[in-house]
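**Q** Got a structure here, written out as structure tokens. Questions coming.
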Amino acid sequence: MSIQGISCPRCGSRRIAIVVSETLTFKCLDCGYTWSPNLPAQGLVHTRAGDVHWTEIKKIMEDAMNYVISILNEGIINCSDIINKVQEKYGNYLSSREILRAVMNASKKYLEEIRYKDASKYSALGTELNKCRELMSKG
């Protein structure tokens with residue numbers, strides 16, 4: 001029997017059988033070597049907080065964007081301050097690049113909301129957003 005894409009780590013044979021056991025185990029039909037492949041858990045993302053399913057990361061990213069909008073509503077528009085606040089709250093789950101993306105996307109959404117309501121805040125936030133954009137292009 002040959003299992004596509006699998007060969008014996010010891011002799012290189014492609015004649016491999018699957019052994020009935022608790023974990024996935026292969027046996028080489030030529031040299032008799034048995035092994036269990038080291039398979040990563042499906043859908044998990046490595047974070048500082050540990051392995052988290054990608055769907056949770058998507059939810060955390062959405063939460064981070066909503067958090068950015070709440071920070072902007074409080075009147076904080078300094079790019080570095082916003083990034084630091086989001087980093088403090090979500091840094092164990094999101095990479096620096098993901099945090100920057102959340103800040104950028106939420107800021108753009110917020111800018112659309114205030115475009116005609118508050119021209120001075122729109123202008124100031126637009127300037128800060130360019131600073132964030134520069135950070136993102138360097139990262």
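Here's how to read the names in the structure tokens: chain A, B, ... by the order shown, residue numbers from 1 in each chain, ligand numbers from 1 in the order shown.
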At a cut-off of 12 Å, using only C-alpha atoms, what residues contact range 5-12 of chain A? Leave out same-chain residues fewer than 2 positions from it and give the result as a ChimeraX atom specification.

**A** /A:1-3,14-18,25-37

**Q** Save the residues we just selected, N, CA, C and O atoms, as a PDB file, in the first residue's frame?

**A**
ATOM      1  N   MET A   1       0.853  -1.184   0.000  1.00  0.00           N
ATOM      2  CA  MET A   1       0.000   0.000   0.000  1.00  0.00           C
ATOM      3  C   MET A   1       0.892   1.238   0.000  1.00  0.00           C
ATOM      4  O   MET A   1       1.891   1.287   0.693  1.00  0.00           O
ATOM      5  N   SER A   2       0.509   2.233  -0.769  1.00  0.00           N
ATOM      6  CA  SER A   2       1.266   3.476  -0.812  1.00  0.00           C
ATOM      7  C   SER A   2       0.334   4.634  -0.479  1.00  0.00           C
ATOM      8  O   SER A   2      -0.701   4.805  -1.100  1.00  0.00           O
ATOM      9  N   ILE A   3       0.707   5.396   0.533  1.00  0.00           N
ATOM     10  CA  ILE A   3      -0.082   6.552   0.926  1.00  0.00           C
ATOM     11  C   ILE A   3       0.573   7.766   0.265  1.00  0.00           C
ATOM     12  O   ILE A   3       1.754   8.031   0.496  1.00  0.00           O
ATOM     13  N   ARG A  14       8.132   4.174  -0.053  1.00  0.00           N
ATOM     14  CA  ARG A  14       6.782   4.732  -0.164  1.00  0.00           C
ATOM     15  C   ARG A  14       5.722   3.680   0.160  1.00  0.00           C
ATOM     16  O   ARG A  14       4.543   3.954   0.099  1.00  0.00           O
ATOM     17  N   ARG A  15       6.171   2.477   0.514  1.00  0.00           N
ATOM     18  CA  ARG A  15       5.235   1.414   0.884  1.00  0.00           C
ATOM     19  C   ARG A  15       4.931   1.554   2.377  1.00  0.00           C
ATOM     20  O   ARG A  15       5.661   1.043   3.223  1.00  0.00           O
ATOM     21  N   ILE A  16       3.855   2.289   2.655  1.00  0.00           N
ATOM     22  CA  ILE A  16       3.509   2.662   4.028  1.00  0.00           C
ATOM     23  C   ILE A  16       2.113   2.160   4.362  1.00  0.00           C
ATOM     24  O   ILE A  16       1.207   2.234   3.539  1.00  0.00           O
ATOM     25  N   ALA A  17       1.944   1.696   5.594  1.00  0.00           N
ATOM     26  CA  ALA A  17       0.633   1.282   6.093  1.00  0.00           C
ATOM     27  C   ALA A  17       0.269   2.160   7.284  1.00  0.00           C
ATOM     28  O   ALA A  17       1.139   2.713   7.955  1.00  0.00           O
ATOM     29  N   ILE A  18      -1.023   2.267   7.542  1.00  0.00           N
ATOM     30  CA  ILE A  18      -1.492   2.980   8.724  1.00  0.00           C
ATOM     31  C   ILE A  18      -1.766   1.948   9.807  1.00  0.00           C
ATOM     32  O   ILE A  18      -2.436   0.946   9.570  1.00  0.00           O
ATOM     33  N   THR A  25      -0.547   6.703  13.259  1.00  0.00           N
ATOM     34  CA  THR A  25       0.755   6.039  13.229  1.00  0.00           C
ATOM     35  C   THR A  25       0.933   5.342  11.882  1.00  0.00           C
ATOM     36  O   THR A  25       0.015   4.702  11.382  1.00  0.00           O
ATOM     37  N   PHE A  26       2.132   5.500  11.306  1.00  0.00           N
ATOM     38  CA  PHE A  26       2.471   4.855  10.047  1.00  0.00           C
ATOM     39  C   PHE A  26       3.496   3.765  10.293  1.00  0.00           C
ATOM     40  O   PHE A  26       4.283   3.828  11.246  1.00  0.00           O
ATOM     41  N   LYS A  27       3.517   2.762   9.408  1.00  0.00           N
ATOM     42  CA  LYS A  27       4.514   1.697   9.485  1.00  0.00           C
ATOM     43  C   LYS A  27       5.047   1.454   8.075  1.00  0.00           C
ATOM     44  O   LYS A  27       4.289   1.305   7.119  1.00  0.00           O
ATOM     45  N   CYS A  28       6.363   1.418   7.985  1.00  0.00           N
ATOM     46  CA  CYS A  28       7.014   1.131   6.709  1.00  0.00           C
ATOM     47  C   CYS A  28       6.933  -0.379   6.465  1.00  0.00           C
ATOM     48  O   CYS A  28       7.328  -1.174   7.329  1.00  0.00           O
ATOM     49  N   LEU A  29       6.420  -0.760   5.295  1.00  0.00           N
ATOM     50  CA  LEU A  29       6.296  -2.179   4.973  1.00  0.00           C
ATOM     51  C   LEU A  29       7.620  -2.791   4.525  1.00  0.00           C
ATOM     52  O   LEU A  29       7.735  -4.005   4.439  1.00  0.00           O
ATOM     53  N   ASP A  30       8.640  -1.952   4.283  1.00  0.00           N
ATOM     54  CA  ASP A  30       9.951  -2.465   3.868  1.00  0.00           C
ATOM     55  C   ASP A  30      10.894  -2.668   5.054  1.00  0.00           C
ATOM     56  O   ASP A  30      11.444  -3.749   5.231  1.00  0.00           O
ATOM     57  N   CYS A  31      11.059  -1.635   5.914  1.00  0.00           N
ATOM     58  CA  CYS A  31      12.023  -1.774   7.021  1.00  0.00           C
ATOM     59  C   CYS A  31      11.349  -1.993   8.371  1.00  0.00           C
ATOM     60  O   CYS A  31      12.023  -2.272   9.362  1.00  0.00           O
ATOM     61  N   GLY A  32      10.016  -1.813   8.452  1.00  0.00           N
ATOM     62  CA  GLY A  32       9.299  -2.061   9.704  1.00  0.00           C
ATOM     63  C   GLY A  32       9.245  -0.877  10.654  1.00  0.00           C
ATOM     64  O   GLY A  32       8.642  -0.961  11.724  1.00  0.00           O
ATOM     65  N   TYR A  33       9.875   0.233  10.290  1.00  0.00           N
ATOM     66  CA  TYR A  33       9.895   1.419  11.157  1.00  0.00           C
ATOM     67  C   TYR A  33       8.477   1.969  11.322  1.00  0.00           C
ATOM     68  O   TYR A  33       7.704   2.032  10.374  1.00  0.00           O
ATOM     69  N   THR A  34       8.095   2.361  12.580  1.00  0.00           N
ATOM     70  CA  THR A  34       6.799   2.993  12.836  1.00  0.00           C
ATOM     71  C   THR A  34       7.034   4.384  13.388  1.00  0.00           C
ATOM     72  O   THR A  34       7.999   4.608  14.127  1.00  0.00           O
ATOM     73  N   TRP A  35       6.139   5.302  13.023  1.00  0.00           N
ATOM     74  CA  TRP A  35       6.260   6.680  13.505  1.00  0.00           C
ATOM     75  C   TRP A  35       4.901   7.360  13.471  1.00  0.00           C
ATOM     76  O   TRP A  35       4.004   6.960  12.754  1.00  0.00           O
ATOM     77  N   SER A  36       4.798   8.398  14.296  1.00  0.00           N
ATOM     78  CA  SER A  36       3.598   9.248  14.299  1.00  0.00           C
ATOM     79  C   SER A  36       4.014  10.621  13.797  1.00  0.00           C
ATOM     80  O   SER A  36       4.955  11.219  14.333  1.00  0.00           O
ATOM     81  N   PRO A  37       3.356  11.106  12.771  1.00  0.00           N
ATOM     82  CA  PRO A  37       3.728  12.424  12.257  1.00  0.00           C
ATOM     83  C   PRO A  37       3.346  13.509  13.252  1.00  0.00           C
ATOM     84  O   PRO A  37       2.371  13.371  13.992  1.00  0.00           O
TER      85      PRO A  37
END

**Q** Write out as an MDAnalysis selection string each polymer residue whose atoms come within 7 Å of range 106-108 of chain A, counting only C-alpha atoms; drop sequence neighbours fewer than 6 positions from it.

**A** chainID A and resid 65 68:69

**Q** Mind pulling up the distance from CA of Lys58 in chain A to CA of Thr127 in chain A?

**A**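 Taking CA of Thr127 in chain A and CA of Lys58 in chain A, their separation equals 28.0 Å.
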
**Q** Among the residues of range 13-139 of chain A, find those DSSP assigns to helix (DSSP H, G or I) from the backbone and print them as a ChimeraX atom specification.

**A** /A:54-73,79-90,96-114,119-138

**Q** Choose the residue, out of A:Lys131, A:Lys117, A:Arg48, A:Lys89, that has the smallest atom-to-atom separation from Ala64 in chain A; count only C-alpha atoms.

**A**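 Residue with the minimum atom-to-atom distance to Ala64 in chain A: A:Lys89.
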
**Q** My list of candidates is A:Ile83, A:Leu44, A:Ile114, A:Leu72. Which is closest to Arg101 in chain A when distances are computed with only C-alpha atoms?

**A** A:Ile83

**Q** Using only C-alpha atoms for the distances, tell me which of A:Ser137, A:Thr55, A:Asn105, A:Ser95 is nearest to Gly43 in chain A.

**A**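 Smallest separation from Gly43 in chain A among the options: A:Thr55.
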
**Q** Tell me which of A:Asp81, A:Glu98, A:Glu88, A:Glu112 sits closest to Glu62 in chain A, counting only C-alpha atoms.

**A**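 Looking only at the distances to Glu62 in chain A, the closest residue turns out to be A:Glu98.
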
**Q** Which residues, written as a PyMOL selection string, have at least one atom at most 8 Å from Glu128 in chain A, with only C-alpha atoms counted and residues fewer than 6 positions away on the same chain left out?

**A** chain A and resi 77-79

**Q** Report as a list in words all protein, DNA and RNA residues lying within 10 Å of Val86 in chain A, evaluated on only C-alpha atoms, omitting residues in the same chain fewer than 6 positions from it.

**A**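 In the requested format, the answer is Ala64, Met65, Tyr67, Val68, Ile71, Ser80, Leu94, Ser96, Ile99, Leu100, Ala102 and Val103 of chain A.
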
**Q** Just asking: which residues within chain A are strand (DSSP E or B) according to DSSP, as a VMD selection string?

**A** chain A and resid 2 15 to 19 25 to 28 34 to 35 44 to 47 50 to 53

**Q** Generate a file of the selected residues that holds N, CA and C atoms, formatted as a compact mmCIF listing (two decimals), in the first residue's frame.

**A**
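Result went into result_6.txt, see below:
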# COMPACT_ATOMS: atom_id res chain seq x y z
N SER A 2 0.51 2.23 -0.77
CA SER A 2 1.27 3.48 -0.81
C SER A 2 0.33 4.63 -0.48
N ARG A 15 6.17 2.48 0.51
CA ARG A 15 5.23 1.41 0.88
C ARG A 15 4.93 1.55 2.38
N ILE A 16 3.86 2.29 2.66
CA ILE A 16 3.51 2.66 4.03
C ILE A 16 2.11 2.16 4.36
N ALA A 17 1.94 1.70 5.59
CA ALA A 17 0.63 1.28 6.09
C ALA A 17 0.27 2.16 7.28
N ILE A 18 -1.02 2.27 7.54
CA ILE A 18 -1.49 2.98 8.72
C ILE A 18 -1.77 1.95 9.81
N VAL A 19 -1.22 2.19 11.00
CA VAL A 19 -1.37 1.27 12.14
C VAL A 19 -2.56 1.74 12.98
N THR A 25 -0.55 6.70 13.26
CA THR A 25 0.75 6.04 13.23
C THR A 25 0.93 5.34 11.88
N PHE A 26 2.13 5.50 11.31
CA PHE A 26 2.47 4.86 10.05
C PHE A 26 3.50 3.77 10.29
N LYS A 27 3.52 2.76 9.41
CA LYS A 27 4.51 1.70 9.48
C LYS A 27 5.05 1.45 8.08
N CYS A 28 6.36 1.42 7.98
CA CYS A 28 7.01 1.13 6.71
C CYS A 28 6.93 -0.38 6.46
N THR A 34 8.09 2.36 12.58
CA THR A 34 6.80 2.99 12.84
C THR A 34 7.03 4.38 13.39
N TRP A 35 6.14 5.30 13.02
CA TRP A 35 6.26 6.68 13.50
C TRP A 35 4.90 7.36 13.47
N LEU A 44 -5.38 26.44 14.22
CA LEU A 44 -4.86 27.19 15.36
C LEU A 44 -3.78 28.17 14.91
N VAL A 45 -3.78 29.33 15.57
CA VAL A 45 -2.80 30.38 15.30
C VAL A 45 -1.97 30.54 16.56
N HIS A 46 -0.66 30.62 16.42
CA HIS A 46 0.22 30.81 17.57
C HIS A 46 0.20 32.27 18.00
N THR A 47 -0.11 32.52 19.27
CA THR A 47 -0.10 33.88 19.83
C THR A 47 0.70 33.85 21.13
N GLY A 50 -0.92 31.82 23.69
CA GLY A 50 -1.06 30.40 23.39
C GLY A 50 -1.72 30.20 22.04
N ASP A 51 -2.04 28.97 21.72
CA ASP A 51 -2.68 28.66 20.45
C ASP A 51 -4.16 29.01 20.52
N VAL A 52 -4.62 29.77 19.52
CA VAL A 52 -6.01 30.23 19.48
C VAL A 52 -6.54 29.93 18.08
N HIS A 53 -7.79 29.48 18.00
CA HIS A 53 -8.39 29.18 16.70
C HIS A 53 -8.52 30.46 15.88

**Q** What is the CA of Ala119 in chain A-CA of Glu74 in chain A distance in Å, reported with one decimal?

**A** 16.6 Å
